[in-house]
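Asks: Once you've had a glance at the structure underneath, I'll fire off some questions.
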Amino acid sequence: MIRVRRSFGRAYKKLTPQQQTTVDKAIAHLESSFGRPHLHAGIGLRPFGGYFEFRAGLGLRVLFVVQQSDPVLVVVGDHDAIRRFVKNTPI
């Protein structure tokens with residue numbers, strides 16, 4: 001089950017409807033492939049600091065952590081927004 005932090009919800013609301021649709025599709029792909037490396041390779045899942053990151057389209061990234069073996073979505077944004085978040089927010 002995928003859980004969501006408030007920081008993700010705030011960032012998600014700032015996206016355009018088209019970006020939200022793209023993010024929703026990427027999240028659905030993560031949900032169906034999480035823990036199966038060959039399947040999640042298509043979304044570019046990789047470690048990023050103490051987090052994990054995956055692509056949601058060309059310019060969007062989604063940052064998440066794993067708690068109790070479930071992904072918890074933390075924030076969504078472009079590469080620079082993700083870097084700022086990781087730099088300024090402890091896990």
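The chains in the structure tokens are called A, B, ... from first to last as shown; in each chain the residues are counted from 1, and the ligands are counted from 1 in the order shown.
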Could you pull the residues within 12 Å of stretch 83-88 of chain A, counting only C-alpha atoms, minus those fewer than 5 positions along the same chain, as a list in words?
Replies: Ser7, Phe8, Ala11, Pro47, Phe48, Gly49, Gly50, Tyr51, Phe52, Glu53, Arg61, Val62, Leu63, Phe64, Val65, Val74, Val75, Val76, Gly77 and Asp78 of chain A
Asks: Write out, as a PDB file, in the first residue's frame, the residues just selected, with C-alpha atoms.
Replies:
```
ATOM      1  CA  SER A   7       4.349  17.599   1.878  1.00  0.00           C
ATOM      2  CA  PHE A   8       3.527  15.448  -1.161  1.00  0.00           C
ATOM      3  CA  ALA A  11       3.346  19.869  -3.938  1.00  0.00           C
ATOM      4  CA  PRO A  47      18.311   5.944  -4.240  1.00  0.00           C
ATOM      5  CA  PHE A  48      18.628   9.681  -3.608  1.00  0.00           C
ATOM      6  CA  GLY A  49      20.156  10.675  -0.283  1.00  0.00           C
ATOM      7  CA  GLY A  50      18.252   8.719   2.362  1.00  0.00           C
ATOM      8  CA  TYR A  51      15.239   8.593   0.042  1.00  0.00           C
ATOM      9  CA  PHE A  52      14.277   6.931  -3.214  1.00  0.00           C
ATOM     10  CA  GLU A  53      13.322   8.811  -6.361  1.00  0.00           C
ATOM     11  CA  ARG A  61      10.424  13.394  -9.955  1.00  0.00           C
ATOM     12  CA  VAL A  62       8.706  11.787  -6.985  1.00  0.00           C
ATOM     13  CA  LEU A  63      10.596  11.285  -3.746  1.00  0.00           C
ATOM     14  CA  PHE A  64       9.624   8.560  -1.281  1.00  0.00           C
ATOM     15  CA  VAL A  65      10.832   6.621   1.734  1.00  0.00           C
ATOM     16  CA  VAL A  74       7.217  12.580   0.356  1.00  0.00           C
ATOM     17  CA  VAL A  75       7.298  15.255  -2.376  1.00  0.00           C
ATOM     18  CA  VAL A  76       6.939  15.746  -6.124  1.00  0.00           C
ATOM     19  CA  GLY A  77       8.679  18.337  -8.284  1.00  0.00           C
ATOM     20  CA  ASP A  78      11.434  18.994 -10.762  1.00  0.00           C
TER      21      ASP A  78
END
```
Asks: Would you kindly return, as a ChimeraX atom specification, each protein, DNA or RNA residue with an atom no farther than 12 Å from any atom of A:Gln18, considering only C-alpha atoms and excluding same-chain residues fewer than 5 positions away?
Replies: /A:12-13,23-25,56-57,60
Asks: Take the residues just selected and output them with N, CA and C atoms as a PDB file, in the first residue's frame.
Replies:
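Once written, result05.pdb looks like this:
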```
ATOM      1  N   TYR A  12       1.749  18.297  -4.895  1.00  0.00           N
ATOM      2  CA  TYR A  12       0.893  17.722  -5.942  1.00  0.00           C
ATOM      3  C   TYR A  12      -0.182  18.711  -6.372  1.00  0.00           C
ATOM      4  N   LYS A  13      -0.769  19.434  -5.416  1.00  0.00           N
ATOM      5  CA  LYS A  13      -1.829  20.398  -5.724  1.00  0.00           C
ATOM      6  C   LYS A  13      -1.332  21.553  -6.586  1.00  0.00           C
ATOM      7  N   VAL A  23       1.865  12.002 -12.975  1.00  0.00           N
ATOM      8  CA  VAL A  23       2.309  11.520 -11.666  1.00  0.00           C
ATOM      9  C   VAL A  23       1.462  10.333 -11.233  1.00  0.00           C
ATOM     10  N   ASP A  24       0.152  10.415 -11.432  1.00  0.00           N
ATOM     11  CA  ASP A  24      -0.745   9.317 -11.051  1.00  0.00           C
ATOM     12  C   ASP A  24      -0.371   8.027 -11.776  1.00  0.00           C
ATOM     13  N   LYS A  25      -0.049   8.134 -13.050  1.00  0.00           N
ATOM     14  CA  LYS A  25       0.343   6.949 -13.825  1.00  0.00           C
ATOM     15  C   LYS A  25       1.654   6.365 -13.309  1.00  0.00           C
ATOM     16  N   ALA A  56       8.486  10.787 -13.119  1.00  0.00           N
ATOM     17  CA  ALA A  56       7.069  10.886 -13.494  1.00  0.00           C
ATOM     18  C   ALA A  56       7.022  11.819 -14.696  1.00  0.00           C
ATOM     19  N   GLY A  57       7.522  11.358 -15.809  1.00  0.00           N
ATOM     20  CA  GLY A  57       7.602  12.202 -16.989  1.00  0.00           C
ATOM     21  C   GLY A  57       8.990  12.794 -17.132  1.00  0.00           C
ATOM     22  N   LEU A  60       9.536  15.753 -14.085  1.00  0.00           N
ATOM     23  CA  LEU A  60       9.024  15.543 -12.728  1.00  0.00           C
ATOM     24  C   LEU A  60       9.651  14.334 -12.063  1.00  0.00           C
TER      25      LEU A  60
END
```
Asks: Write out as a ChimeraX atom specification all residues of chain A that backbone DSSP assigns to alpha helix (DSSP H).
Replies: /A:6-13,17-33,37-40,79-88
Asks: Using the selection just defined, write its residues with C-alpha atoms as a PDB file, in the first residue's frame.
Replies:
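Saved file selection-v3.pdb follows:
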```
ATOM      1  CA  ARG A   6       1.281  16.150   3.615  1.00  0.00           C
ATOM      2  CA  SER A   7       4.349  17.599   1.878  1.00  0.00           C
ATOM      3  CA  PHE A   8       3.527  15.448  -1.161  1.00  0.00           C
ATOM      4  CA  GLY A   9      -0.102  16.576  -1.175  1.00  0.00           C
ATOM      5  CA  ARG A  10       0.892  20.253  -1.053  1.00  0.00           C
ATOM      6  CA  ALA A  11       3.346  19.869  -3.938  1.00  0.00           C
ATOM      7  CA  TYR A  12       0.893  17.722  -5.942  1.00  0.00           C
ATOM      8  CA  LYS A  13      -1.829  20.398  -5.724  1.00  0.00           C
ATOM      9  CA  PRO A  17      -3.863  18.694 -14.301  1.00  0.00           C
ATOM     10  CA  GLN A  18      -1.687  17.137 -17.029  1.00  0.00           C
ATOM     11  CA  GLN A  19       1.249  16.809 -14.629  1.00  0.00           C
ATOM     12  CA  GLN A  20      -1.025  15.276 -11.998  1.00  0.00           C
ATOM     13  CA  THR A  21      -2.182  12.673 -14.506  1.00  0.00           C
ATOM     14  CA  THR A  22       1.426  11.845 -15.366  1.00  0.00           C
ATOM     15  CA  VAL A  23       2.309  11.520 -11.666  1.00  0.00           C
ATOM     16  CA  ASP A  24      -0.745   9.317 -11.051  1.00  0.00           C
ATOM     17  CA  LYS A  25       0.343   6.949 -13.825  1.00  0.00           C
ATOM     18  CA  ALA A  26       3.893   6.756 -12.481  1.00  0.00           C
ATOM     19  CA  ILE A  27       2.584   6.042  -8.976  1.00  0.00           C
ATOM     20  CA  ALA A  28       0.378   3.263 -10.344  1.00  0.00           C
ATOM     21  CA  HIS A  29       3.439   1.777 -12.042  1.00  0.00           C
ATOM     22  CA  LEU A  30       5.410   2.016  -8.785  1.00  0.00           C
ATOM     23  CA  GLU A  31       2.619   0.303  -6.878  1.00  0.00           C
ATOM     24  CA  SER A  32       2.474  -2.613  -9.301  1.00  0.00           C
ATOM     25  CA  SER A  33       6.250  -3.046  -9.550  1.00  0.00           C
ATOM     26  CA  PRO A  37      13.659  -4.516  -9.870  1.00  0.00           C
ATOM     27  CA  HIS A  38      13.169  -5.544 -13.482  1.00  0.00           C
ATOM     28  CA  LEU A  39       9.701  -4.016 -13.554  1.00  0.00           C
ATOM     29  CA  HIS A  40      10.467  -0.707 -11.868  1.00  0.00           C
ATOM     30  CA  HIS A  79      15.010  17.905 -10.120  1.00  0.00           C
ATOM     31  CA  ASP A  80      15.941  21.186  -8.420  1.00  0.00           C
ATOM     32  CA  ALA A  81      12.928  21.089  -6.087  1.00  0.00           C
ATOM     33  CA  ILE A  82      13.785  17.526  -5.079  1.00  0.00           C
ATOM     34  CA  ARG A  83      17.412  18.488  -4.366  1.00  0.00           C
ATOM     35  CA  ARG A  84      16.307  21.469  -2.250  1.00  0.00           C
ATOM     36  CA  PHE A  85      13.886  19.294  -0.307  1.00  0.00           C
ATOM     37  CA  VAL A  86      16.528  16.653   0.458  1.00  0.00           C
ATOM     38  CA  LYS A  87      19.063  19.295   1.442  1.00  0.00           C
ATOM     39  CA  ASN A  88      16.688  21.155   3.777  1.00  0.00           C
TER      40      ASN A  88
END
```
